[in-house]
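Shown next, in structure tokens, is the structure this report addresses.
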Amino acid sequence: MNVYDSARMAEVLAPLGFVATDVVDDADMILLNTCHIREKAAEKLFSDLGRLRVLKTRKADSGDNLILGVAGCVAQAEGAEIMRRAPFVDLVLGPQTYHRLPEMVARLARGEGPVLDTEFPTEPKFDFLPETEAPQGVSAFLSVQEGCDKFCTFCVVPYTRGAEFSRPAASIIAEAKRLVAGGTRELTLLGQNVNAYHGDGTDGMNWNLARLLRALAAVPGIERLRYTTSHPRDMDDDLIEAHGDLPELMPFLHLPVQSGSDSILEAMNRGHTADDYRRIIDRLRSVRPDIAFSSDFIVGFPGETDADFAATLDLIRDVGLAQAYTFKYSPRSGTPAATMAKHVADDVASDRLQTLQALMTESQDSFNRSCVGKVLPVLFERSGRYAGQLVGRSPYAQGVHATASARCQGTVMPVRITGVSSNSLSGEVETMEVGA
Ligand code: SAH
Ligand code: SF4
């Protein structure tokens, strides 16, 4: 979602004459878009700011102004602290106020800085963002839902992104059409809790995610749909059914479970058991047998015993995941878990993380190897490192390299998978075309 937000920020600033640059020294403005989910992500900010301060001073010495801003969830949660520790920062803005960037820049120009804007405005930012057709690539993100009301006990999202909000379907469909006009063929719908989507439909009814996916699948030019991140509790019947009968919906679902232990799931306030999760996976496999899954796990949550951790490993073995993101529990101030008793010792948590990662590497390798010999439809996104080579994605979001003509960029081609490396596949384009 930060990638999506950064692209929107660039669009909001374009009418003021700002264009993106990869050369830090050339920049007139640097906005750090930050993540607060774990301590490590937040810590990076202050070391980055230290480095940028030097650049700002150097520019000032030669008469140039560099606007330095901090956006995103660290800004939301620690705005005042940033202003105090880094008084050379000009702008501090939360994830819900970046549509006001032009106004903030104008205030700076009038000498009214520094500006701190971390409100939760009553009018959602989407109503104020420009409707550009700037190409976002063959595969693009589209934010449909934001915020979260679930309050898992470890998580800062409900505090930094705010209450759950679903965009109206009409504005999502309009954005999808603009993306298609710019060459996009694959859309990944975004939301912190994307399958809790419940927006106004174009027919005056309230739409769930399944209904929205059906409407987007009907937009000419959209060949592939994905959505992330989902919560097991919101995998409703309609959505499971959509996986069975919408060919545009890719057979790959990221469905975080966090733990395989029921007592830990309860302490996390996840609202489901490990068996509930197994049943959802079974139901999805019964409607779409070729579906694969990825998940998120936290080890070392307060009170996690060896038996709890063993239950997590059991769940992974039962379900057979294609991929997973694994994290050591990171206490976040203001969340209920941060003050829970029985914190797990760091070395124990590190050992568990290693064990989990070793199991996941094995599971991921075996999934990737199982693709060798198969013909997978690959959506080619860009040219590869070598001449005559294109890089695309399989339905399972694996990167695939193949020799193919530049004309194939933006199209789905059948590729026979011949090799596998640690994080990508290679293959050969088959002559017969298959569907997406
Ligand atoms: N909405 C999604 C997850 C959003 S956060 C869901 O409900 O699953 C992305 C991932 O970061 C989470 O799935 C979790 O595994 C991890 N995470 C969140 N807070 C964390 C914390 N305090 N410590 C460690 N990992 C955390
Ligand atoms: Fe955080 Fe996801 Fe739980 Fe919401 S559902 S509180 S975003 S982990």
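Labels used: A, B, ... for chains in the order of the structure tokens, numbers from 1 for residues in each chain, and numbers from 1 for ligands as shown.
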
| request: Produce as a list in words the set of residues near ligand 2, where near means within 8 Å with only C-alpha atoms and all ligand atoms considered. | output: Gly147, Cys148, Asp149, Lys150, Phe151, Cys152, Thr153, Phe154, Cys155, Val156, Val157, Pro158, Gln192, Asn193, Thr229, Ser230, His231, Asn269 and Arg270 of chain A

| said: Give me, as number ranges by chain, the residues of region 156-354 of chain A that a backbone DSSP run labels strand (DSSP E). | reply: A: 165-166, 186-190, 198-200, 206-208, 224-228, 252-254, 292-299, 323-328

| request: Give me, please, the distance in Å between CA of Gly17 (chain A) and CA of Val70 (chain A), quoted to one decimal. | output: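 According to the coordinates, CA of Gly17 (chain A) and CA of Val70 (chain A) are separated by 19.9 Å.
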
| Per DSSP on the backbone, what are the helix (DSSP H, G or I) residues of region 75-128 of chain A, as JSON, numbers by chain? | {"A": [75, 76, 77, 78, 79, 80, 81, 82, 83, 84, 85, 98, 99, 100, 101, 102, 103, 104, 105, 106, 107, 108, 109, 125, 126, 127, 128]}

Selection from above, C-alpha atoms, as a short mmCIF file (atom, residue, chain, number, x, y, z; two decimals), in the first residue's frame, can you write it?
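Wrote out.cif, looks like this:
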```
data_model
loop_
_atom_site.label_atom_id
_atom_site.label_comp_id
_atom_site.auth_asym_id
_atom_site.auth_seq_id
_atom_site.Cartn_x
_atom_site.Cartn_y
_atom_site.Cartn_z
CA ALA A 75 4.51 10.10 10.80
CA GLN A 76 0.97 9.30 11.93
CA ALA A 77 2.06 7.61 15.15
CA GLU A 78 5.12 9.69 16.04
CA GLY A 79 4.52 13.03 14.33
CA ALA A 80 5.28 15.20 17.35
CA GLU A 81 8.34 13.11 18.20
CA ILE A 82 9.69 13.55 14.65
CA MET A 83 9.23 17.34 14.89
CA ARG A 84 11.08 17.31 18.21
CA ARG A 85 13.95 14.97 17.29
CA TYR A 98 -1.43 13.32 1.50
CA HIS A 99 -4.05 14.73 -0.89
CA ARG A 100 -3.34 18.04 0.90
CA LEU A 101 0.35 18.04 -0.10
CA PRO A 102 -0.01 20.97 -2.56
CA GLU A 103 -1.54 23.06 0.23
CA MET A 104 1.26 22.04 2.61
CA VAL A 105 3.92 23.00 0.03
CA ALA A 106 2.18 26.36 -0.43
CA ARG A 107 2.30 26.93 3.32
CA LEU A 108 6.03 26.21 3.32
CA ALA A 109 6.51 28.69 0.47
CA LYS A 125 -8.65 11.43 0.55
CA PHE A 126 -9.84 9.44 -2.48
CA ASP A 127 -12.41 12.17 -3.20
CA PHE A 128 -9.58 14.67 -3.69
#
```

At a cut-off of 12 Å, can you tabulate as a Markdown table every residue of region 87-122 of chain A near region 45-61 of chain A together with its closest atom pair and the distance in Å to one decimal, using only C-alpha atoms and ordering rows by chain then number?
```
| residue | atom | partner | partner_atom | distance |
| --- | --- | --- | --- | --- |
| A:Pro87 | CA | A:Arg53 | CA | 10.0 |
| A:Phe88 | CA | A:Arg53 | CA | 7.1 |
| A:Val89 | CA | A:Leu49 | CA | 8.3 |
| A:Asp90 | CA | A:Lys56 | CA | 10.9 |
```

Using the selection just defined, write its residues with C-alpha atoms as a compact mmCIF listing (two decimals), in the first residue's frame.
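Heads up, here's the output in again18.txt:
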```txt
# COMPACT_ATOMS: atom_id res chain seq x y z
CA PRO A 87 13.41 19.91 13.69
CA PHE A 88 14.93 20.31 10.21
CA VAL A 89 12.03 18.28 8.75
CA ASP A 90 9.58 20.55 6.87
```

| request: Select, from A:Ala404, A:Leu315, A:Ala324, A:Ala140, the residue with the minimum atom-to-atom distance to ligand 1, counting only C-alpha atoms and all ligand atoms. | output: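 The closest residue to ligand 1 is A:Ala324.
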
| task | Return the single residue from A:Leu31, A:Leu209, A:Ile240, A:Val378 that is closest to Leu68 (chain A), with distances computed using only C-alpha atoms. | result |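 For Leu68 (chain A), the nearest of the given residues is A:Leu31.
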
| query | Hey, what's within 12 Å of Lys40 (chain A) if we count only C-alpha atoms and toss same-chain stuff fewer than 5 positions away? As a VMD selection string, please? | reply | chain A and resid 34 to 35 45 to 47 74 327 to 332

| said: Given only C-alpha atoms and all ligand atoms as the basis, pick out the residue of A:Glu39, A:Glu123, A:Asp237, A:Asp245 nearest to ligand 1. | reply: A:Glu39

| query | When distances are computed from only C-alpha atoms and all ligand atoms, which of A:Met360, A:Met250, A:Ala349, A:Val400 shows the smallest separation from ligand 1? | reply |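 Nearest to ligand 1: A:Ala349.
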
| message | Give me, as number ranges by chain, all polymer residues having an atom no more than 8 Å from Gly137 (chain A), counting only C-alpha atoms and skipping those fewer than 2 positions away in the same chain. | response | A: 135, 139-140, 182-184, 381

Write the selection just made, keeping N, CA, C and O atoms, as an mmCIF file, in the first residue's frame?
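Below is the file selection_0.cif, written as the result:
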```cif
data_model
loop_
_atom_site.group_PDB
_atom_site.id
_atom_site.type_symbol
_atom_site.label_atom_id
_atom_site.label_comp_id
_atom_site.auth_asym_id
_atom_site.auth_seq_id
_atom_site.Cartn_x
_atom_site.Cartn_y
_atom_site.Cartn_z
ATOM 1 N N PRO A 135 0.665 5.999 -16.843
ATOM 2 C CA PRO A 135 0.829 4.546 -16.858
ATOM 3 C C PRO A 135 1.433 4.036 -15.545
ATOM 4 O O PRO A 135 2.368 4.621 -15.027
ATOM 5 N N SER A 139 1.236 -4.478 -14.435
ATOM 6 C CA SER A 139 0.604 -4.943 -13.209
ATOM 7 C C SER A 139 0.563 -3.763 -12.235
ATOM 8 O O SER A 139 1.585 -3.162 -11.947
ATOM 9 N N ALA A 140 -0.621 -3.403 -11.779
ATOM 10 C CA ALA A 140 -0.739 -2.198 -10.942
ATOM 11 C C ALA A 140 -1.554 -2.477 -9.682
ATOM 12 O O ALA A 140 -2.361 -3.411 -9.635
ATOM 13 N N GLY A 182 -3.880 3.048 -19.607
ATOM 14 C CA GLY A 182 -2.429 3.268 -19.523
ATOM 15 C C GLY A 182 -1.627 1.982 -19.713
ATOM 16 O O GLY A 182 -0.416 1.983 -19.497
ATOM 17 N N GLY A 183 -2.293 0.872 -20.040
ATOM 18 C CA GLY A 183 -1.573 -0.371 -20.343
ATOM 19 C C GLY A 183 -1.624 -1.445 -19.270
ATOM 20 O O GLY A 183 -1.040 -2.519 -19.437
ATOM 21 N N THR A 184 -2.306 -1.180 -18.174
ATOM 22 C CA THR A 184 -2.371 -2.186 -17.104
ATOM 23 C C THR A 184 -3.255 -3.360 -17.522
ATOM 24 O O THR A 184 -4.323 -3.163 -18.114
ATOM 25 N N GLU A 381 5.745 -8.519 -18.158
ATOM 26 C CA GLU A 381 5.665 -7.148 -17.645
ATOM 27 C C GLU A 381 6.737 -6.231 -18.175
ATOM 28 O O GLU A 381 6.519 -5.039 -18.336
#
```

| task | Report the distance between CA of Pro15 (chain A) and CA of Val92 (chain A) in Å, rounded to one decimal place. | result |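 Here the two named atoms are 20.7 Å from each other.
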
| said: Show me, as a VMD selection string, the residues that have an atom within 9 Å of Gly201 (chain A) when counting only C-alpha atoms, minus same-chain residues fewer than 6 positions from it. | reply: chain A and resid 168 to 170 207 to 208 211 to 212
